[in-house]
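Asks: To be precise about what I am sending: the file is called query12.txt and holds compact mmCIF, N, CA, C and O atoms.
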# COMPACT_ATOMS: atom_id res chain seq x y z
N MET A 1 -100.76 209.71 -40.45
CA MET A 1 -100.28 208.75 -41.44
C MET A 1 -98.77 208.65 -41.36
O MET A 1 -98.10 209.64 -41.09
N THR A 2 -98.29 207.45 -41.60
CA THR A 2 -96.86 207.21 -41.59
C THR A 2 -96.41 206.88 -43.00
O THR A 2 -96.98 206.01 -43.66
N GLU A 3 -95.37 207.56 -43.46
CA GLU A 3 -94.90 207.43 -44.84
C GLU A 3 -93.70 206.50 -44.93
O GLU A 3 -92.79 206.56 -44.12
N ILE A 4 -93.73 205.65 -45.95
CA ILE A 4 -92.59 204.83 -46.31
C ILE A 4 -92.25 205.18 -47.75
O ILE A 4 -93.10 205.10 -48.64
N CYS A 5 -91.01 205.57 -47.97
CA CYS A 5 -90.57 206.00 -49.30
C CYS A 5 -89.62 204.94 -49.87
O CYS A 5 -88.64 204.58 -49.23
N VAL A 6 -89.94 204.46 -51.08
CA VAL A 6 -89.11 203.46 -51.74
C VAL A 6 -88.59 204.09 -53.04
O VAL A 6 -89.37 204.37 -53.94
N PRO A 7 -87.27 204.32 -53.15
CA PRO A 7 -86.71 204.97 -54.34
C PRO A 7 -86.70 204.07 -55.57
O PRO A 7 -86.54 202.86 -55.47
N TRP A 8 -86.89 204.70 -56.75
CA TRP A 8 -86.84 203.97 -58.02
C TRP A 8 -85.40 203.71 -58.46
O TRP A 8 -85.11 202.73 -59.10
N LYS A 9 -84.53 204.65 -58.19
CA LYS A 9 -83.19 204.70 -58.77
C LYS A 9 -82.41 203.39 -58.58
O LYS A 9 -82.32 202.87 -57.48
N GLY A 10 -81.88 202.90 -59.70
CA GLY A 10 -81.03 201.72 -59.66
C GLY A 10 -81.77 200.39 -59.49
O GLY A 10 -81.15 199.37 -59.25
N GLN A 11 -83.09 200.40 -59.62
CA GLN A 11 -83.85 199.17 -59.42
C GLN A 11 -84.40 198.68 -60.76
O GLN A 11 -84.61 199.46 -61.67
N ASN A 12 -84.68 197.40 -60.82
CA ASN A 12 -85.24 196.84 -62.06
C ASN A 12 -86.70 196.46 -61.86
O ASN A 12 -87.22 196.52 -60.75
N ASN A 13 -87.37 196.06 -62.93
CA ASN A 13 -88.80 195.73 -62.87
C ASN A 13 -89.09 194.55 -61.96
O ASN A 13 -90.10 194.56 -61.25
N THR A 14 -88.24 193.54 -61.97
CA THR A 14 -88.46 192.37 -61.12
C THR A 14 -88.43 192.79 -59.66
O THR A 14 -89.27 192.35 -58.86
N TRP A 15 -87.50 193.62 -59.29
CA TRP A 15 -87.39 194.11 -57.92
C TRP A 15 -88.67 194.83 -57.51
O TRP A 15 -89.21 194.60 -56.44
N TRP A 16 -89.18 195.70 -58.40
CA TRP A 16 -90.41 196.44 -58.08
C TRP A 16 -91.61 195.53 -57.97
O TRP A 16 -92.46 195.71 -57.12
N ASN A 17 -91.68 194.54 -58.84
CA ASN A 17 -92.79 193.58 -58.76
C ASN A 17 -92.78 192.86 -57.42
O ASN A 17 -93.84 192.66 -56.81
N GLU A 18 -91.61 192.48 -56.94
CA GLU A 18 -91.51 191.78 -55.66
C GLU A 18 -91.90 192.69 -54.50
O GLU A 18 -92.62 192.27 -53.60
N ILE A 19 -91.43 193.92 -54.50
CA ILE A 19 -91.77 194.87 -53.43
C ILE A 19 -93.28 195.07 -53.38
O ILE A 19 -93.91 194.95 -52.32
N CYS A 20 -93.87 195.40 -54.52
CA CYS A 20 -95.32 195.67 -54.55
C CYS A 20 -96.13 194.42 -54.22
O CYS A 20 -97.12 194.50 -53.50
N ALA A 21 -95.71 193.26 -54.72
CA ALA A 21 -96.42 192.01 -54.41
C ALA A 21 -96.37 191.72 -52.92
O ALA A 21 -97.39 191.32 -52.33
N ASN A 22 -95.23 191.92 -52.28
CA ASN A 22 -95.12 191.68 -50.83
C ASN A 22 -96.07 192.60 -50.06
O ASN A 22 -96.75 192.15 -49.12
N ILE A 23 -96.12 193.84 -50.44
CA ILE A 23 -96.98 194.79 -49.73
C ILE A 23 -98.45 194.44 -49.94
O ILE A 23 -99.24 194.41 -48.99
N VAL A 24 -98.84 194.15 -51.17
CA VAL A 24 -100.24 193.80 -51.45
C VAL A 24 -100.63 192.49 -50.77
O VAL A 24 -101.73 192.37 -50.24
N GLU A 25 -99.72 191.50 -50.74
CA GLU A 25 -100.01 190.23 -50.07
C GLU A 25 -100.31 190.43 -48.59
O GLU A 25 -101.18 189.77 -48.03
N HIS A 26 -99.58 191.32 -47.95
CA HIS A 26 -99.73 191.50 -46.51
C HIS A 26 -100.77 192.54 -46.11
O HIS A 26 -101.38 192.42 -45.05
N PHE A 27 -100.97 193.57 -46.94
CA PHE A 27 -101.83 194.68 -46.53
C PHE A 27 -103.03 194.92 -47.45
O PHE A 27 -103.83 195.80 -47.20
N GLY A 28 -103.13 194.15 -48.53
CA GLY A 28 -104.23 194.33 -49.47
C GLY A 28 -103.94 195.45 -50.46
O GLY A 28 -102.86 196.04 -50.46
N LEU A 29 -104.92 195.74 -51.28
CA LEU A 29 -104.77 196.82 -52.25
C LEU A 29 -104.85 198.17 -51.55
O LEU A 29 -105.44 198.29 -50.47
N PRO A 30 -104.25 199.20 -52.15
CA PRO A 30 -104.34 200.53 -51.55
C PRO A 30 -105.79 200.96 -51.35
O PRO A 30 -106.67 200.62 -52.14
N GLY A 31 -106.02 201.69 -50.29
CA GLY A 31 -107.36 202.19 -50.03
C GLY A 31 -107.71 202.20 -48.56
O GLY A 31 -107.72 203.24 -47.93
N ASP A 32 -107.95 201.02 -48.00
CA ASP A 32 -108.39 200.94 -46.60
C ASP A 32 -107.26 201.16 -45.60
O ASP A 32 -107.38 201.94 -44.67
N ARG A 33 -106.16 200.44 -45.79
CA ARG A 33 -105.09 200.47 -44.79
C ARG A 33 -103.95 201.43 -45.16
O ARG A 33 -103.23 201.88 -44.28
N TYR A 34 -103.79 201.68 -46.44
CA TYR A 34 -102.73 202.59 -46.90
C TYR A 34 -103.11 203.17 -48.25
O TYR A 34 -104.00 202.67 -48.93
N THR A 35 -102.43 204.23 -48.61
CA THR A 35 -102.56 204.82 -49.94
C THR A 35 -101.16 204.95 -50.52
O THR A 35 -100.17 204.82 -49.80
N THR A 36 -101.09 205.21 -51.82
CA THR A 36 -99.79 205.35 -52.47
C THR A 36 -99.74 206.65 -53.26
O THR A 36 -100.77 207.23 -53.63
N GLU A 37 -98.52 207.08 -53.51
CA GLU A 37 -98.27 208.25 -54.34
C GLU A 37 -97.01 207.94 -55.14
O GLU A 37 -95.99 207.54 -54.59
N VAL A 38 -97.09 208.11 -56.44
CA VAL A 38 -95.97 207.81 -57.31
C VAL A 38 -95.35 209.12 -57.77
O VAL A 38 -96.04 210.01 -58.28
N GLY A 39 -94.04 209.25 -57.57
CA GLY A 39 -93.31 210.43 -58.00
C GLY A 39 -92.23 210.05 -58.99
O GLY A 39 -92.03 208.87 -59.27
N PRO A 40 -91.51 211.02 -59.49
CA PRO A 40 -90.47 210.74 -60.48
C PRO A 40 -89.28 209.98 -59.91
O PRO A 40 -88.57 209.28 -60.64
N ASP A 41 -89.05 210.08 -58.60
CA ASP A 41 -87.88 209.45 -57.99
C ASP A 41 -88.20 208.34 -57.00
O ASP A 41 -87.30 207.63 -56.56
N GLU A 42 -89.48 208.20 -56.62
CA GLU A 42 -89.83 207.23 -55.61
C GLU A 42 -91.32 206.90 -55.64
O GLU A 42 -92.09 207.58 -56.29
N MET A 43 -91.66 205.87 -54.89
CA MET A 43 -93.06 205.54 -54.64
C MET A 43 -93.25 205.64 -53.14
O MET A 43 -92.44 205.12 -52.37
N LYS A 44 -94.30 206.33 -52.72
CA LYS A 44 -94.55 206.52 -51.30
C LYS A 44 -95.79 205.74 -50.90
O LYS A 44 -96.78 205.71 -51.62
N PHE A 45 -95.69 205.12 -49.75
CA PHE A 45 -96.79 204.39 -49.14
C PHE A 45 -97.15 205.11 -47.86
O PHE A 45 -96.29 205.35 -47.01
N PHE A 46 -98.42 205.48 -47.71
CA PHE A 46 -98.88 206.19 -46.52
C PHE A 46 -99.81 205.27 -45.74
O PHE A 46 -100.93 205.01 -46.16
N PHE A 47 -99.33 204.79 -44.60
CA PHE A 47 -100.10 203.87 -43.77
C PHE A 47 -100.88 204.64 -42.72
O PHE A 47 -100.36 205.56 -42.09
N LYS A 48 -102.12 204.24 -42.54
CA LYS A 48 -102.99 204.87 -41.55
C LYS A 48 -102.60 204.46 -40.13
O LYS A 48 -102.73 205.23 -39.19
N ASP A 49 -102.13 203.23 -39.98
CA ASP A 49 -101.73 202.70 -38.68
C ASP A 49 -100.20 202.64 -38.61
O ASP A 49 -99.56 201.99 -39.43
N GLU A 50 -99.64 203.30 -37.63
CA GLU A 50 -98.19 203.35 -37.46
C GLU A 50 -97.58 201.96 -37.29
O GLU A 50 -96.48 201.68 -37.76
N ARG A 51 -98.30 201.07 -36.64
CA ARG A 51 -97.81 199.70 -36.44
C ARG A 51 -97.70 198.94 -37.76
O ARG A 51 -96.76 198.18 -37.98
N GLU A 52 -98.66 199.16 -38.65
CA GLU A 52 -98.60 198.51 -39.96
C GLU A 52 -97.47 199.09 -40.80
O GLU A 52 -96.84 198.37 -41.57
N ALA A 53 -97.20 200.37 -40.67
CA ALA A 53 -96.08 200.99 -41.37
C ALA A 53 -94.77 200.35 -40.91
O ALA A 53 -93.89 200.04 -41.72
N LEU A 54 -94.63 200.15 -39.61
CA LEU A 54 -93.44 199.51 -39.08
C LEU A 54 -93.32 198.09 -39.60
O LEU A 54 -92.23 197.66 -40.00
N LEU A 55 -94.42 197.36 -39.62
CA LEU A 55 -94.39 196.00 -40.16
C LEU A 55 -93.97 196.00 -41.63
O LEU A 55 -93.19 195.17 -42.07
N CYS A 56 -94.46 196.97 -42.39
CA CYS A 56 -94.09 197.08 -43.80
C CYS A 56 -92.60 197.37 -43.95
O CYS A 56 -91.92 196.78 -44.78
N LYS A 57 -92.07 198.26 -43.13
CA LYS A 57 -90.63 198.57 -43.16
C LYS A 57 -89.81 197.32 -42.90
O LYS A 57 -88.81 197.06 -43.57
N ILE A 58 -90.24 196.54 -41.93
CA ILE A 58 -89.53 195.30 -41.62
C ILE A 58 -89.65 194.31 -42.78
O ILE A 58 -88.68 193.67 -43.17
N LEU A 59 -90.84 194.21 -43.35
CA LEU A 59 -91.11 193.28 -44.45
C LEU A 59 -90.21 193.55 -45.65
O LEU A 59 -89.67 192.62 -46.26
N ILE A 60 -90.01 194.81 -46.01
CA ILE A 60 -89.23 195.13 -47.21
C ILE A 60 -87.79 195.57 -46.90
O ILE A 60 -87.04 195.90 -47.81
N SER A 61 -87.40 195.55 -45.64
CA SER A 61 -86.10 196.07 -45.23
C SER A 61 -84.93 195.35 -45.91
O SER A 61 -83.90 195.98 -46.18
N ASP A 62 -85.05 194.09 -46.19
CA ASP A 62 -83.95 193.38 -46.84
C ASP A 62 -83.90 193.63 -48.35
O ASP A 62 -82.96 193.22 -49.02
N GLN A 63 -84.90 194.33 -48.89
CA GLN A 63 -84.95 194.60 -50.33
C GLN A 63 -84.63 196.05 -50.68
O GLN A 63 -84.38 196.34 -51.84
N ILE A 64 -84.69 196.95 -49.72
CA ILE A 64 -84.38 198.35 -50.04
C ILE A 64 -83.10 198.79 -49.39
O ILE A 64 -82.55 198.18 -48.54
What is this file in structure tokens?
Replies:
Amino acid sequence: MTEICVPWKGQNNTWWNEICANIVEHFGLPGDRYTTEVGPDEMKFFFKDEREALLCKILISDQI
């Protein structure tokens, strides 16, 4: 699994809605292609396919 970590610090609700909406639009809900873990400082996305993790990094790179 390949992990992508997105920090909470300094972000607002609109920003988080956009990040999560982009990921769900492209990869679906968590379960088949990736799972998530929410921590006090970040949200982690664990992709089963390394290529999809890279695509996700590129997709959200201008927002994080």
Asks: As a PyMOL selection string, please: the residues near segment 14-22 of chain A (cut-off 8 Å, all atoms listed in the file, same-chain neighbours under 3 positions excluded).
Replies: chain A and resi 7+11+25-28+56+59-60+63
Asks: Write to file, as a short mmCIF file (atom, residue, chain, number, x, y, z; two decimals), in the frame of the given file, the residues of the selection just made, with N, CA, C and O atoms.
Replies:
data_model
loop_
_atom_site.label_atom_id
_atom_site.label_comp_id
_atom_site.auth_asym_id
_atom_site.auth_seq_id
_atom_site.Cartn_x
_atom_site.Cartn_y
_atom_site.Cartn_z
N PRO A 7 -87.27 204.32 -53.15
CA PRO A 7 -86.71 204.97 -54.34
C PRO A 7 -86.70 204.07 -55.57
O PRO A 7 -86.54 202.86 -55.47
N GLN A 11 -83.09 200.40 -59.62
CA GLN A 11 -83.85 199.17 -59.42
C GLN A 11 -84.40 198.68 -60.76
O GLN A 11 -84.61 199.46 -61.67
N GLU A 25 -99.72 191.50 -50.74
CA GLU A 25 -100.01 190.23 -50.07
C GLU A 25 -100.31 190.43 -48.59
O GLU A 25 -101.18 189.77 -48.03
N HIS A 26 -99.58 191.32 -47.95
CA HIS A 26 -99.73 191.50 -46.51
C HIS A 26 -100.77 192.54 -46.11
O HIS A 26 -101.38 192.42 -45.05
N PHE A 27 -100.97 193.57 -46.94
CA PHE A 27 -101.83 194.68 -46.53
C PHE A 27 -103.03 194.92 -47.45
O PHE A 27 -103.83 195.80 -47.20
N GLY A 28 -103.13 194.15 -48.53
CA GLY A 28 -104.23 194.33 -49.47
C GLY A 28 -103.94 195.45 -50.46
O GLY A 28 -102.86 196.04 -50.46
N CYS A 56 -94.46 196.97 -42.39
CA CYS A 56 -94.09 197.08 -43.80
C CYS A 56 -92.60 197.37 -43.95
O CYS A 56 -91.92 196.78 -44.78
N LEU A 59 -90.84 194.21 -43.35
CA LEU A 59 -91.11 193.28 -44.45
C LEU A 59 -90.21 193.55 -45.65
O LEU A 59 -89.67 192.62 -46.26
N ILE A 60 -90.01 194.81 -46.01
CA ILE A 60 -89.23 195.13 -47.21
C ILE A 60 -87.79 195.57 -46.90
O ILE A 60 -87.04 195.90 -47.81
N GLN A 63 -84.90 194.33 -48.89
CA GLN A 63 -84.95 194.60 -50.33
C GLN A 63 -84.63 196.05 -50.68
O GLN A 63 -84.38 196.34 -51.84
#
Asks: Could you pull out the helix (DSSP H, G or I) residues of chain A, going by DSSP on the backbone, and write them as a list in words?
Replies: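 In chain A, DSSP puts these residues in helix (DSSP H, G or I): Asn13, Thr14, Trp15, Trp16, Asn17, Glu18, Ile19, Cys20, Ala21, Asn22, Ile23, Val24, Glu25, His26, Phe27, Glu50, Arg51, Glu52, Ala53, Leu54, Leu55, Cys56, Lys57, Ile58, Leu59 and Ile60 of chain A.
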Asks: By how many Å are atom C of Thr35 of chain A and atom CA of Ala53 of chain A apart?
Replies: 11.2 Å
Asks: Choose the residue, out of A:Gly39, A:Thr2, A:Trp8, A:Gly31, that has the smallest atom-to-atom separation from Glu52 of chain A; count all atoms listed in the file.
Replies: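 Selected residue with least distance to Glu52 of chain A: A:Thr2.
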Asks: If you measure from atom CA of Ser61 of chain A to atom N of Asp32 of chain A, what distance in Å do you get, rounded to one decimal?
Replies: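 These atoms are spaced 22.6 Å apart.
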Asks: Counting only N, CA, C and O atoms, select every polymer residue within 7 Å of (-101.1, 205.6, -45.4) as defined in the file's coordinates, and provide the selection as a ChimeraX atom specification.
Replies: /A:1-3,33-36,45-49
Asks: Can you write just those residues out, N, CA, C and O atoms, as a short mmCIF file (atom, residue, chain, number, x, y, z; two decimals), in the coordinates of the input?
Replies:
data_model
loop_
_atom_site.label_atom_id
_atom_site.label_comp_id
_atom_site.auth_asym_id
_atom_site.auth_seq_id
_atom_site.Cartn_x
_atom_site.Cartn_y
_atom_site.Cartn_z
N MET A 1 -100.76 209.71 -40.45
CA MET A 1 -100.28 208.75 -41.44
C MET A 1 -98.77 208.65 -41.36
O MET A 1 -98.10 209.64 -41.09
N THR A 2 -98.29 207.45 -41.60
CA THR A 2 -96.86 207.21 -41.59
C THR A 2 -96.41 206.88 -43.00
O THR A 2 -96.98 206.01 -43.66
N GLU A 3 -95.37 207.56 -43.46
CA GLU A 3 -94.90 207.43 -44.84
C GLU A 3 -93.70 206.50 -44.93
O GLU A 3 -92.79 206.56 -44.12
N ARG A 33 -106.16 200.44 -45.79
CA ARG A 33 -105.09 200.47 -44.79
C ARG A 33 -103.95 201.43 -45.16
O ARG A 33 -103.23 201.88 -44.28
N TYR A 34 -103.79 201.68 -46.44
CA TYR A 34 -102.73 202.59 -46.90
C TYR A 34 -103.11 203.17 -48.25
O TYR A 34 -104.00 202.67 -48.93
N THR A 35 -102.43 204.23 -48.61
CA THR A 35 -102.56 204.82 -49.94
C THR A 35 -101.16 204.95 -50.52
O THR A 35 -100.17 204.82 -49.80
N THR A 36 -101.09 205.21 -51.82
CA THR A 36 -99.79 205.35 -52.47
C THR A 36 -99.74 206.65 -53.26
O THR A 36 -100.77 207.23 -53.63
N PHE A 45 -95.69 205.12 -49.75
CA PHE A 45 -96.79 204.39 -49.14
C PHE A 45 -97.15 205.11 -47.86
O PHE A 45 -96.29 205.35 -47.01
N PHE A 46 -98.42 205.48 -47.71
CA PHE A 46 -98.88 206.19 -46.52
C PHE A 46 -99.81 205.27 -45.74
O PHE A 46 -100.93 205.01 -46.16
N PHE A 47 -99.33 204.79 -44.60
CA PHE A 47 -100.10 203.87 -43.77
C PHE A 47 -100.88 204.64 -42.72
O PHE A 47 -100.36 205.56 -42.09
N LYS A 48 -102.12 204.24 -42.54
CA LYS A 48 -102.99 204.87 -41.55
C LYS A 48 -102.60 204.46 -40.13
O LYS A 48 -102.73 205.23 -39.19
N ASP A 49 -102.13 203.23 -39.98
CA ASP A 49 -101.73 202.70 -38.68
C ASP A 49 -100.20 202.64 -38.61
O ASP A 49 -99.56 201.99 -39.43
#
Asks: Rounded to one decimal, what separation in Å do you get between atom C of Asp41 of chain A and atom N of Lys9 of chain A?
Replies: 5.3 Å
Asks: Mind checking which residues fall within 8 Å of Glu37 of chain A, counting all atoms listed in the file, ignoring those fewer than 5 positions away in the same chain, and posting them as a PyMOL selection string?
Replies: chain A and resi 4-6+42-46
Asks: Got a sec to tell me which of segment 17-56 of chain A DSSP assigns to strand (DSSP E or B), as a VMD selection string?
Replies: chain A and resid 34 to 38 42 to 47
